[in-house]
$ cat data.cif   # mmCIF, C-alpha atoms
data_my_file
loop_
_atom_site.label_atom_id
_atom_site.label_comp_id
_atom_site.auth_asym_id
_atom_site.auth_seq_id
_atom_site.Cartn_x
_atom_site.Cartn_y
_atom_site.Cartn_z
CA MET O 1 163.74 91.25 -230.11
CA THR O 2 162.61 94.81 -230.83
CA ALA O 3 161.15 96.68 -227.88
CA VAL O 4 157.45 97.58 -227.83
CA ARG O 5 157.32 101.35 -228.38
CA VAL O 6 154.78 102.95 -226.08
CA GLY O 7 153.10 106.34 -226.15
CA ILE O 8 151.29 107.65 -223.09
CA LEU O 9 148.05 109.61 -223.36
CA GLY O 10 148.05 111.90 -220.35
CA THR O 11 150.37 113.02 -217.60
CA SER O 12 148.57 111.74 -214.50
CA ARG O 13 150.39 111.48 -211.20
CA PHE O 14 149.80 107.72 -211.11
CA ALA O 15 151.38 107.32 -214.55
CA ARG O 16 154.43 109.31 -213.47
CA ARG O 17 154.73 107.68 -210.06
CA ALA O 18 154.02 104.03 -210.89
CA MET O 19 153.76 103.13 -214.56
CA LEU O 20 156.60 105.15 -216.09
CA PRO O 21 159.16 103.67 -213.65
CA ALA O 22 157.72 100.20 -214.28
CA MET O 23 158.03 100.61 -218.03
CA ALA O 24 161.55 101.96 -217.66
CA GLY O 25 162.46 98.80 -215.77
CA VAL O 26 161.29 96.44 -218.54
CA PRO O 27 163.92 96.08 -221.31
CA ASP O 28 161.23 95.05 -223.82
CA VAL O 29 159.49 98.43 -223.52
CA GLU O 30 160.56 101.83 -224.84
CA VAL O 31 158.48 104.86 -223.93
CA VAL O 32 158.82 107.11 -226.97
CA ALA O 33 156.21 109.84 -226.41
CA ILE O 34 153.95 111.42 -223.80
CA ALA O 35 150.95 113.49 -224.87
CA SER O 36 148.96 116.14 -223.08
CA ARG O 37 146.32 118.64 -224.14
CA ASP O 38 148.57 121.18 -222.43
CA ARG O 39 151.87 121.63 -224.27
CA ASP O 40 153.72 122.72 -221.12
CA ARG O 41 152.49 119.75 -219.10
CA ALA O 42 153.70 117.36 -221.79
CA ALA O 43 157.12 119.02 -221.78
CA GLY O 44 157.25 118.93 -217.99
CA ALA O 45 156.37 115.24 -217.90
CA VAL O 46 159.20 114.19 -220.21
CA GLY O 47 161.79 116.46 -218.59
CA GLY O 48 165.24 115.61 -219.91
CA SER O 49 164.47 111.93 -220.42
CA GLY O 50 164.70 111.98 -224.21
CA VAL O 51 161.03 110.99 -224.48
CA ARG O 52 159.15 113.11 -227.03
CA ALA O 53 156.52 115.55 -225.78
CA VAL O 54 153.39 115.62 -227.95
CA HIS O 55 150.67 118.26 -227.89
CA GLY O 56 147.30 116.49 -228.08
CA TYR O 57 146.20 112.88 -227.81
CA ALA O 58 145.17 112.54 -231.46
CA GLU O 59 148.59 113.75 -232.52
CA LEU O 60 150.23 110.94 -230.57
CA LEU O 61 148.03 108.35 -232.26
CA ASP O 62 149.34 109.60 -235.61
CA GLN O 63 152.95 108.83 -234.66
CA ASP O 64 154.38 106.00 -236.78
CA ASP O 65 156.90 104.98 -234.14
CA VAL O 66 154.21 104.21 -231.50
CA ASP O 67 153.19 100.54 -231.34
CA ALA O 68 151.03 100.74 -228.22
CA VAL O 69 149.47 103.31 -225.93
CA TYR O 70 148.85 103.52 -222.20
CA LEU O 71 145.72 105.40 -221.12
CA PRO O 72 145.94 106.87 -217.58
CA LEU O 73 143.02 109.22 -218.23
CA PRO O 74 139.85 109.81 -216.14
CA ALA O 75 137.34 106.98 -216.44
CA ALA O 76 134.96 108.92 -218.68
CA LEU O 77 137.66 109.24 -221.34
CA HIS O 78 138.84 105.63 -221.42
CA ALA O 79 136.42 104.21 -223.98
CA GLY O 80 136.69 107.01 -226.54
CA TRP O 81 140.46 107.08 -226.62
CA ALA O 82 140.78 103.30 -226.40
CA GLU O 83 138.61 103.03 -229.52
CA ALA O 84 140.58 105.78 -231.29
CA ALA O 85 143.85 104.01 -230.48
CA LEU O 86 142.59 100.63 -231.69
CA ARG O 87 141.33 102.18 -234.94
CA ALA O 88 144.76 103.78 -235.36
CA GLY O 89 146.30 100.30 -235.16
CA LYS O 90 147.74 100.67 -231.65
CA HIS O 91 147.68 98.11 -228.86
CA VAL O 92 146.09 99.48 -225.68
CA LEU O 93 146.85 99.27 -221.97
CA ALA O 94 143.94 101.11 -220.34
CA GLU O 95 143.38 102.10 -216.76
CA LYS O 96 140.40 100.43 -215.13
CA PRO O 97 137.65 100.31 -216.01
CA VAL O 98 138.11 100.16 -219.79
CA SER O 99 134.66 101.72 -220.03
CA THR O 100 131.94 102.66 -217.56
CA ASP O 101 129.36 101.07 -219.87
CA ALA O 102 129.14 97.27 -220.16
CA GLY O 103 127.92 97.37 -223.76
CA ARG O 104 130.70 99.69 -224.83
CA THR O 105 133.22 97.44 -223.11
CA ARG O 106 132.01 94.45 -225.13
CA GLN O 107 132.27 96.52 -228.33
CA LEU O 108 135.85 97.51 -227.54
CA CYS O 109 136.80 93.90 -226.82
CA ALA O 110 135.25 92.85 -230.12
CA LEU O 111 137.09 95.60 -231.99
CA ALA O 112 140.41 94.57 -230.47
CA THR O 113 139.78 90.93 -231.33
CA GLU O 114 138.80 91.74 -234.93
CA SER O 115 141.84 94.02 -235.31
CA ARG O 116 144.20 91.48 -233.72
CA LEU O 117 145.33 94.09 -231.23
CA ALA O 118 145.92 93.72 -227.51
CA LEU O 119 143.45 95.45 -225.18
CA VAL O 120 144.57 95.01 -221.59
CA GLU O 121 142.99 96.49 -218.47
CA ASN O 122 145.49 97.72 -215.91
CA VAL O 123 144.34 95.59 -212.98
CA MET O 124 147.76 95.05 -211.47
CA PHE O 125 147.10 93.04 -208.32
CA VAL O 126 146.15 89.89 -210.24
CA HIS O 127 149.75 89.80 -211.49
CA HIS O 128 151.26 89.78 -207.98
CA ARG O 129 152.63 86.43 -206.83
CA LEU O 130 150.65 86.82 -203.58
CA HIS O 131 147.45 85.86 -205.38
CA HIS O 132 149.14 82.95 -207.14
CA GLU O 133 150.24 81.62 -203.73
CA VAL O 134 146.74 82.05 -202.27
CA ARG O 135 145.25 80.10 -205.16
CA LYS O 136 147.80 77.33 -204.56
CA LEU O 137 146.83 77.16 -200.89
CA LEU O 138 143.14 76.98 -201.77
CA ALA O 139 143.78 74.26 -204.35
CA ALA O 140 145.72 72.30 -201.72
CA GLY O 141 142.64 72.36 -199.50
CA VAL O 142 144.21 74.11 -196.52
CA ILE O 143 140.82 75.60 -195.52
CA GLY O 144 138.65 72.80 -196.86
CA ASP O 145 135.86 73.65 -199.27
CA PHE O 146 135.47 77.28 -200.33
CA ARG O 147 132.43 78.78 -198.61
CA ALA O 148 132.69 82.58 -198.67
CA MET O 149 134.99 85.56 -198.97
CA HIS O 150 135.04 89.20 -198.02
CA ALA O 151 137.06 91.82 -199.88
CA ALA O 152 137.36 95.49 -198.94
CA PHE O 153 139.20 98.50 -200.29
CA THR O 154 138.63 101.90 -198.72
CA ILE O 155 140.67 105.10 -198.76
CA PRO O 156 140.53 108.39 -196.84
CA ARG O 157 138.63 111.44 -198.06
CA LEU O 158 140.23 113.22 -201.00
CA PRO O 159 140.40 116.98 -201.68
CA ASP O 160 137.10 118.21 -203.14
CA ASP O 161 138.75 119.16 -206.45
CA ASP O 162 140.20 115.67 -207.03
CA ILE O 163 139.16 114.30 -210.44
CA ARG O 164 137.74 111.23 -208.70
CA TYR O 165 135.00 113.49 -207.34
CA GLN O 166 134.04 114.91 -210.75
CA PRO O 167 130.70 113.51 -212.01
CA HIS O 168 131.33 114.48 -215.65
CA LEU O 169 134.53 112.41 -215.56
CA CYS O 170 132.71 109.38 -214.09
CA GLY O 171 134.26 109.84 -210.69
CA GLY O 172 133.06 108.03 -207.59
CA ALA O 173 133.92 105.10 -205.38
CA LEU O 174 132.56 102.31 -207.58
CA TRP O 175 134.67 103.10 -210.64
CA ASP O 176 137.78 103.99 -208.65
CA VAL O 177 138.08 101.61 -205.67
CA GLY O 178 135.08 99.31 -206.13
CA VAL O 179 136.79 97.63 -209.06
CA TYR O 180 139.36 96.04 -206.73
CA PRO O 181 137.16 93.91 -204.43
CA ILE O 182 134.82 93.02 -207.29
CA ARG O 183 137.73 91.81 -209.40
CA ALA O 184 139.07 89.92 -206.36
CA ALA O 185 135.77 88.05 -206.12
CA MET O 186 136.08 87.14 -209.79
CA HIS O 187 139.70 86.06 -209.29
CA TYR O 188 138.85 83.60 -206.54
CA LEU O 189 135.28 82.54 -207.38
CA GLY O 190 135.59 82.48 -211.17
CA SER O 191 133.15 83.58 -213.84
CA GLY O 192 129.37 83.54 -213.73
CA LEU O 193 128.97 85.62 -210.58
CA THR O 194 125.57 87.18 -209.87
CA VAL O 195 124.90 90.37 -207.91
CA ALA O 196 122.39 89.42 -205.20
CA GLY O 197 122.19 92.91 -203.75
CA ALA O 198 124.00 96.22 -203.44
CA VAL O 199 123.81 99.55 -201.65
CA GLY O 200 125.55 102.85 -202.19
CA THR O 201 126.07 106.15 -200.43
CA ALA O 202 126.45 109.43 -202.29
CA ASP O 203 127.59 112.92 -201.47
CA PRO O 204 125.04 115.23 -203.14
CA ARG O 205 127.39 118.17 -202.85
CA LEU O 206 129.99 116.37 -204.96
CA GLY O 207 127.49 114.48 -207.11
CA VAL O 208 129.27 111.11 -206.88
CA ASP O 209 129.03 107.94 -204.81
CA ILE O 210 131.52 107.77 -201.95
CA ALA O 211 130.83 104.27 -200.62
CA GLY O 212 129.14 101.01 -201.47
CA ALA O 213 128.82 97.32 -200.75
CA ALA O 214 127.52 94.30 -202.61
CA VAL O 215 126.82 90.61 -202.23
CA LEU O 216 127.91 88.35 -205.10
CA THR O 217 127.01 84.69 -205.50
CA ALA O 218 128.83 82.02 -207.49
CA PRO O 219 127.31 79.05 -209.36
CA SER O 220 128.96 76.83 -206.73
CA GLY O 221 126.92 78.47 -203.98
CA ALA O 222 129.88 80.35 -202.53
CA VAL O 223 129.27 83.98 -201.56
CA ALA O 224 131.43 87.10 -201.73
CA THR O 225 130.76 90.33 -199.89
CA VAL O 226 132.59 93.39 -201.18
CA MET O 227 132.97 96.83 -199.63
CA PHE O 228 134.49 100.00 -201.06
CA GLY O 229 134.68 103.66 -200.16
CA MET O 230 136.44 107.01 -200.47
CA ASP O 231 135.57 108.55 -197.09
CA HIS O 232 137.04 105.94 -194.77
CA ALA O 233 140.13 104.87 -192.91
CA TYR O 234 142.49 103.08 -195.27
CA HIS O 235 141.75 99.37 -195.49
CA SER O 236 142.88 96.79 -198.03
CA GLY O 237 142.09 93.20 -197.21
CA ILE O 238 140.64 89.86 -198.25
CA GLU O 239 139.38 87.04 -196.05
CA VAL O 240 138.51 83.64 -197.47
CA CYS O 241 136.47 81.23 -195.37
CA GLY O 242 136.33 77.49 -195.93
CA SER O 243 134.72 74.48 -194.28
CA THR O 244 137.73 73.88 -191.99
CA GLY O 245 139.65 77.15 -191.86
CA ARG O 246 140.19 80.61 -193.27
CA LEU O 247 142.85 82.75 -194.92
CA VAL O 248 143.41 86.45 -194.20
CA ILE O 249 145.32 88.32 -196.91
CA ASP O 250 147.14 91.51 -195.95
CA ARG O 251 147.33 94.46 -198.40
CA PRO O 252 146.18 92.46 -201.43
CA PHE O 253 145.55 95.33 -203.85
CA THR O 254 148.30 97.97 -203.92
CA PRO O 255 151.38 96.65 -202.09
CA PRO O 256 154.63 98.56 -202.71
CA ALA O 257 157.28 96.65 -204.66
CA ASP O 258 159.41 96.22 -201.52
CA HIS O 259 156.53 95.00 -199.33
CA ARG O 260 156.61 91.44 -197.98
CA PRO O 261 153.05 90.13 -198.33
CA LYS O 262 151.55 88.21 -195.44
CA ILE O 263 148.95 85.46 -195.49
CA THR O 264 147.53 84.27 -192.17
CA LEU O 265 146.10 80.77 -192.07
CA PHE O 266 143.61 79.91 -189.34
CA ASP O 267 142.80 76.22 -189.00
CA GLY O 268 142.21 73.70 -186.25
CA THR O 269 145.78 74.07 -184.98
CA GLY O 270 145.65 77.84 -184.50
CA ALA O 271 147.08 80.70 -186.58
CA ARG O 272 150.10 80.49 -188.88
CA GLU O 273 151.66 83.41 -190.77
CA ILE O 274 153.08 82.88 -194.24
CA LEU O 275 155.48 85.61 -195.36
CA LEU O 276 156.27 85.93 -199.05
CA ASP O 277 159.11 87.65 -200.86
CA PRO O 278 158.42 91.12 -202.29
CA ASP O 279 157.07 91.34 -205.82
CA ASP O 280 156.59 94.22 -208.25
CA GLN O 281 153.07 94.00 -209.64
CA ALA O 282 153.50 97.08 -211.82
CA ARG O 283 156.48 95.56 -213.59
CA ASN O 284 154.68 92.20 -213.85
CA THR O 285 151.70 93.94 -215.46
CA VAL O 286 153.88 95.69 -218.03
CA GLU O 287 155.57 92.39 -218.88
CA ALA O 288 152.15 90.74 -219.28
CA PHE O 289 151.11 93.56 -221.62
CA VAL O 290 154.24 93.03 -223.73
CA ARG O 291 153.39 89.34 -224.05
CA ALA O 292 149.85 90.20 -225.11
CA VAL O 293 151.14 92.66 -227.71
CA ARG O 294 153.62 90.21 -229.21
CA SER O 295 151.16 87.33 -229.33
CA ARG O 296 148.24 89.61 -230.32
CA THR O 297 146.21 87.93 -227.60
CA PRO O 298 142.46 88.73 -227.62
CA PRO O 299 141.13 90.63 -224.59
CA GLU O 300 140.59 88.50 -221.49
CA PRO O 301 136.92 87.61 -220.88
CA ALA O 302 137.35 89.07 -217.39
CA ILE O 303 137.25 92.60 -218.86
CA ALA O 304 133.69 92.25 -220.12
CA ASP O 305 132.61 90.16 -217.12
CA GLN O 306 133.88 92.81 -214.71
CA ALA O 307 132.01 95.50 -216.65
CA ARG O 308 128.83 93.42 -216.36
CA LEU O 309 129.22 93.13 -212.58
CA LEU O 310 130.00 96.82 -212.12
CA ALA O 311 126.86 97.72 -214.07
CA ALA O 312 124.79 95.30 -212.00
CA VAL O 313 126.14 96.66 -208.71
CA ARG O 314 125.37 100.22 -209.81
CA ALA O 315 121.85 99.29 -210.94
CA ARG O 316 121.09 97.32 -207.78
CA ALA O 317 122.32 100.14 -205.56
CA GLY O 318 120.24 102.67 -207.45
CA ALA O 319 117.14 100.50 -207.25
CA ALA O 320 117.62 100.01 -203.52
CA ALA O 321 117.79 103.76 -202.98
CA GLU O 322 114.65 104.39 -205.04
CA ARG O 323 112.66 101.73 -203.17
CA GLU O 324 113.42 103.40 -199.89
CA ALA O 325 112.76 107.10 -200.31
CA SER O 326 113.81 107.77 -196.74
CA TRP O 327 116.96 105.66 -197.08
CA ARG O 328 119.02 108.76 -196.50
CA SER O 329 118.14 112.28 -195.52
CA SER O 330 118.67 115.05 -198.04
CA ALA O 331 121.95 115.80 -196.29
CA THR O 332 123.33 112.44 -197.38
CA GLY O 333 121.74 111.87 -200.77
CA SER O 334 121.13 108.83 -202.91
CA TRP O 335 123.04 106.93 -205.55
CA PRO O 336 124.06 109.41 -208.27
CA ARG O 337 123.01 109.14 -211.89
CA ILE O 338 125.99 110.03 -214.03
#

$ encode --input "data.cif" --output "structure tokens"
Amino acid sequence: MTAVRVGILGTSRFARRAMLPAMAGVPDVEVVAIASRDRDRAAGAVGGSGVRAVHGYAELLDQDDVDAVYLPLPAALHAGWAEAALRAGKHVLAEKPVSTDAGRTRQLCALATESRLALVENVMFVHHRLHHEVRKLLAAGVIGDFRAMHAAFTIPRLPDDDIRYQPHLCGGALWDVGVYPIRAAMHYLGSGLTVAGAVGTADPRLGVDIAGAAVLTAPSGAVATVMFGMDHAYHSGIEVCGSTGRLVIDRPFTPPADHRPKITLFDGTGAREILLDPDDQARNTVEAFVRAVRSRTPPEPAIADQARLLAAVRARAGAAAEREASWRSSATGSWPRI
């Protein structure tokens, strides 16, 4: 079967470090071009690989030998270039979130569906076998009935000039790291979640949010608390509590391909560790994208549902800050409006 020919819009470090090697490891994918607005950066990204360097994103979309594009651009640019790619007849693998606007996300999903083109959001952890095994354990009733979960993803402070601190590029903790625990809640509690409350902390000097937390409720009555931040010690974890026990999931979001995931089960008999074999979630994600391209699968409902929850968390956090004028001193700031 002919390989899916991929063009990459942008030369981000993440694309070069994670996604290009993953694509190179999938026989059904051929990276044919990498585009940058800077001609020299495009040339530097391709090196001597034989991949074509293209000057400008629009120019890449005009290439006849490109079937699909990968968008590792800043969040503010996702929606515009995803739409341009879809209208150019290209399948799209976009970094998360697909758009920072829930309405725009729904429009893009509708456009992809009408055009019979794949639109996939690059949420890689859901493709790791760790989460498949956790779901199996939950279905087997090892902790009884699902009652609550907590998911957290925090990272240390970044350099001030990092693009994730740029308001005009939709930087900030919610769009960058908040997606992970919110999507984890969706993964384990299902659709129909409601945001019961949220708070956020901003850095007025940078103009973006640097931390936040939210409480989500499921139709079943189960509750998820999520925490995220970009000025913290590194933490990546999920804990699921049931009526008779609990599961603690180690490094659930960005485990290296050679990492052996660990699940700890606490029940009436004590604690038991379950070690799993390593898995490559980046490669798994690329393979899932290839399947979506070949079957012309419509966008997953989770894309629009996640956008809805992100918007609700942001609105709730903003409302909480406005209700309490003294919530933070001027040295700390309030939830940014970007």

$ resolve_selection --input "data.cif" --expression "the PyMOL selection byres ((chain O and resi 242-257) around 10)" --output "PyMOL selection string"
chain O and resi 18+123-126+128+130-131+134+137-138+141-153+177+180-181+184+222+235-241+258-274+277-283

$ closest_atom_pairs --input "data.cif" --of "region 98-217 of chain O" --to "region 289-304 of chain O" --cutoff "9 Å" --atoms "all atoms listed in the file" --output "JSON lines"
{"residue": "O:Val98", "atom": "CA", "partner": "O:Ile303", "partner_atom": "CA", "distance": 7.7}
{"residue": "O:Ala102", "atom": "CA", "partner": "O:Ala304", "partner_atom": "CA", "distance": 6.8}
{"residue": "O:Gly103", "atom": "CA", "partner": "O:Ala304", "partner_atom": "CA", "distance": 8.5}
{"residue": "O:Thr105", "atom": "CA", "partner": "O:Ala304", "partner_atom": "CA", "distance": 6.0}
{"residue": "O:Arg106", "atom": "CA", "partner": "O:Ala304", "partner_atom": "CA", "distance": 5.7}
{"residue": "O:Cys109", "atom": "CA", "partner": "O:Pro299", "partner_atom": "CA", "distance": 5.9}
{"residue": "O:Ala110", "atom": "CA", "partner": "O:Pro299", "partner_atom": "CA", "distance": 8.4}
{"residue": "O:Ala112", "atom": "CA", "partner": "O:Pro298", "partner_atom": "CA", "distance": 6.8}
{"residue": "O:Thr113", "atom": "CA", "partner": "O:Pro298", "partner_atom": "CA", "distance": 5.1}
{"residue": "O:Glu114", "atom": "CA", "partner": "O:Pro298", "partner_atom": "CA", "distance": 8.7}
{"residue": "O:Arg116", "atom": "CA", "partner": "O:Arg296", "partner_atom": "CA", "distance": 5.6}
{"residue": "O:Leu117", "atom": "CA", "partner": "O:Arg296", "partner_atom": "CA", "distance": 5.4}
{"residue": "O:Ala118", "atom": "CA", "partner": "O:Val293", "partner_atom": "CA", "distance": 5.3}
{"residue": "O:Leu119", "atom": "CA", "partner": "O:Pro299", "partner_atom": "CA", "distance": 5.4}
{"residue": "O:Val120", "atom": "CA", "partner": "O:Pro299", "partner_atom": "CA", "distance": 6.3}
{"residue": "O:Glu121", "atom": "CA", "partner": "O:Ile303", "partner_atom": "CA", "distance": 6.9}
{"residue": "O:Arg183", "atom": "CA", "partner": "O:Ala302", "partner_atom": "CA", "distance": 8.5}
{"residue": "O:Met186", "atom": "CA", "partner": "O:Ala302", "partner_atom": "CA", "distance": 7.9}
{"residue": "O:His187", "atom": "CA", "partner": "O:Ala302", "partner_atom": "CA", "distance": 9.0}
{"residue": "O:Ser191", "atom": "CA", "partner": "O:Ala302", "partner_atom": "CA", "distance": 7.8}

$ residues_around --input "data.cif" --residues "Ser36 (chain O)" --least-positions-apart "2" --cutoff "8 Å" --atoms "only C-alpha atoms" --output "NGL selection string"
:O and (9-11 or 34 or 38-39 or 41-42 or 54-57)

$ write_last_selection --input "data.cif" --atoms "C-alpha atoms" --output "compact mmCIF listing (two decimals), keeping the file's coordinate frame"
# COMPACT_ATOMS: atom_id res chain seq x y z
CA LEU O 9 148.05 109.61 -223.36
CA GLY O 10 148.05 111.90 -220.35
CA THR O 11 150.37 113.02 -217.60
CA ILE O 34 153.95 111.42 -223.80
CA ASP O 38 148.57 121.18 -222.43
CA ARG O 39 151.87 121.63 -224.27
CA ARG O 41 152.49 119.75 -219.10
CA ALA O 42 153.70 117.36 -221.79
CA VAL O 54 153.39 115.62 -227.95
CA HIS O 55 150.67 118.26 -227.89
CA GLY O 56 147.30 116.49 -228.08
CA TYR O 57 146.20 112.88 -227.81

$ residues_around --input "data.cif" --residues "Arg87 (chain O)" --least-positions-apart "4" --cutoff "12 Å" --atoms "all atoms listed in the file" --output "list in words"
Ala58, Leu61, Asp62, Ala68, Gly80, Trp81, Ala82, Glu83, His91, Val92, Leu108, Leu111, Ala112, Thr113, Glu114, Ser115, Arg116 and Leu117 of chain O

$ atom_distance --input "data.cif" --atom1 "CA of Tyr70 (chain O)" --atom2 "CA of Ile8 (chain O)"
4.9 Å

$ residues_around --input "data.cif" --residues "Met230 (chain O)" --least-positions-apart "5" --cutoff "9 Å" --atoms "only C-alpha atoms" --output "PyMOL selection string"
chain O and resi 153-158+172-173+176-177+209-211

$ closest_residue --input "data.cif" --among "O:Ala214, O:Ile163, O:Val179, O:Ala317" --to "Arg13 (chain O)" --atoms "all atoms listed in the file"
O:Ile163

$ atom_distance --input "data.cif" --atom1 "CA of Ser49 (chain O)" --atom2 "CA of Arg16 (chain O)"
12.5 Å

$ residues_around --input "data.cif" --residues "region 167-169 of chain O" --least-positions-apart "5" --cutoff "7 Å" --atoms "only C-alpha atoms" --output "mmCIF file with C-alpha atoms, keeping the file's coordinate frame"
data_model
loop_
_atom_site.group_PDB
_atom_site.id
_atom_site.type_symbol
_atom_site.label_atom_id
_atom_site.label_comp_id
_atom_site.auth_asym_id
_atom_site.auth_seq_id
_atom_site.Cartn_x
_atom_site.Cartn_y
_atom_site.Cartn_z
ATOM 1 C CA PRO O 74 139.850 109.810 -216.140
ATOM 2 C CA ALA O 75 137.340 106.980 -216.440
ATOM 3 C CA ALA O 76 134.960 108.920 -218.680
ATOM 4 C CA GLY O 207 127.490 114.480 -207.110
ATOM 5 C CA VAL O 208 129.270 111.110 -206.880
ATOM 6 C CA ILE O 338 125.990 110.030 -214.030
#

$ residues_around --input "data.cif" --residues "Val66 (chain O)" --least-positions-apart "6" --cutoff "7 Å" --atoms "all atoms listed in the file" --output "number ranges by chain"
O: 5-7

$ atom_distance --input "data.cif" --atom1 "CA of Ala218 (chain O)" --atom2 "CA of Gly190 (chain O)"
7.7 Å

$ resolve_selection --input "data.cif" --expression "the PyMOL selection byres ((chain O and resi 28) around 10)" --output "mmCIF file with C-alpha atoms, keeping the file's coordinate frame"
data_model
loop_
_atom_site.group_PDB
_atom_site.id
_atom_site.type_symbol
_atom_site.label_atom_id
_atom_site.label_comp_id
_atom_site.auth_asym_id
_atom_site.auth_seq_id
_atom_site.Cartn_x
_atom_site.Cartn_y
_atom_site.Cartn_z
ATOM 1 C CA MET O 1 163.740 91.250 -230.110
ATOM 2 C CA THR O 2 162.610 94.810 -230.830
ATOM 3 C CA ALA O 3 161.150 96.680 -227.880
ATOM 4 C CA VAL O 4 157.450 97.580 -227.830
ATOM 5 C CA ARG O 5 157.320 101.350 -228.380
ATOM 6 C CA MET O 23 158.030 100.610 -218.030
ATOM 7 C CA ALA O 24 161.550 101.960 -217.660
ATOM 8 C CA GLY O 25 162.460 98.800 -215.770
ATOM 9 C CA VAL O 26 161.290 96.440 -218.540
ATOM 10 C CA PRO O 27 163.920 96.080 -221.310
ATOM 11 C CA VAL O 29 159.490 98.430 -223.520
ATOM 12 C CA GLU O 30 160.560 101.830 -224.840
ATOM 13 C CA VAL O 286 153.880 95.690 -218.030
ATOM 14 C CA GLU O 287 155.570 92.390 -218.880
ATOM 15 C CA VAL O 290 154.240 93.030 -223.730
ATOM 16 C CA ARG O 291 153.390 89.340 -224.050
#

$ resolve_selection --input "data.cif" --expression "the PyMOL selection byres ((chain O and resi 308-316) around 8)" --output "MDAnalysis selection string"
chainID O and resid 100:102 174:175 179 182 193:195 197:199 214 304:307 317:320

$ decode --input "data.cif" --residues "region 215-241 of chain O" --atoms "C-alpha atoms" --output "CSV table (one decimal), in the first residue's frame"
chain,number,residue,atom,x,y,z
O,215,VAL,CA,-13.6,20.2,39.4
O,216,LEU,CA,-15.5,18.2,36.7
O,217,THR,CA,-18.6,16.1,37.4
O,218,ALA,CA,-19.9,13.1,35.3
O,219,PRO,CA,-23.5,12.2,34.7
O,220,SER,CA,-22.8,9.1,36.9
O,221,GLY,CA,-22.0,11.3,39.9
O,222,ALA,CA,-18.3,10.6,39.7
O,223,VAL,CA,-16.0,13.6,40.2
O,224,ALA,CA,-12.6,14.5,38.7
O,225,THR,CA,-10.3,17.1,40.0
O,226,VAL,CA,-7.6,18.3,37.7
O,227,MET,CA,-4.5,20.5,38.3
O,228,PHE,CA,-2.0,22.0,35.9
O,229,GLY,CA,0.8,24.5,36.0
O,230,MET,CA,4.0,25.9,34.5
O,231,ASP,CA,5.7,27.2,37.6
O,232,HIS,CA,5.9,24.0,39.6
O,233,ALA,CA,8.0,20.9,40.3
O,234,TYR,CA,7.5,18.3,37.6
O,235,HIS,CA,4.5,16.1,38.3
O,236,SER,CA,2.6,13.7,36.1
O,237,GLY,CA,0.1,11.5,37.7
O,238,ILE,CA,-3.4,10.1,37.9
O,239,GLU,CA,-5.2,8.5,40.9
O,240,VAL,CA,-8.5,6.7,40.5
O,241,CYS,CA,-10.6,6.0,43.6
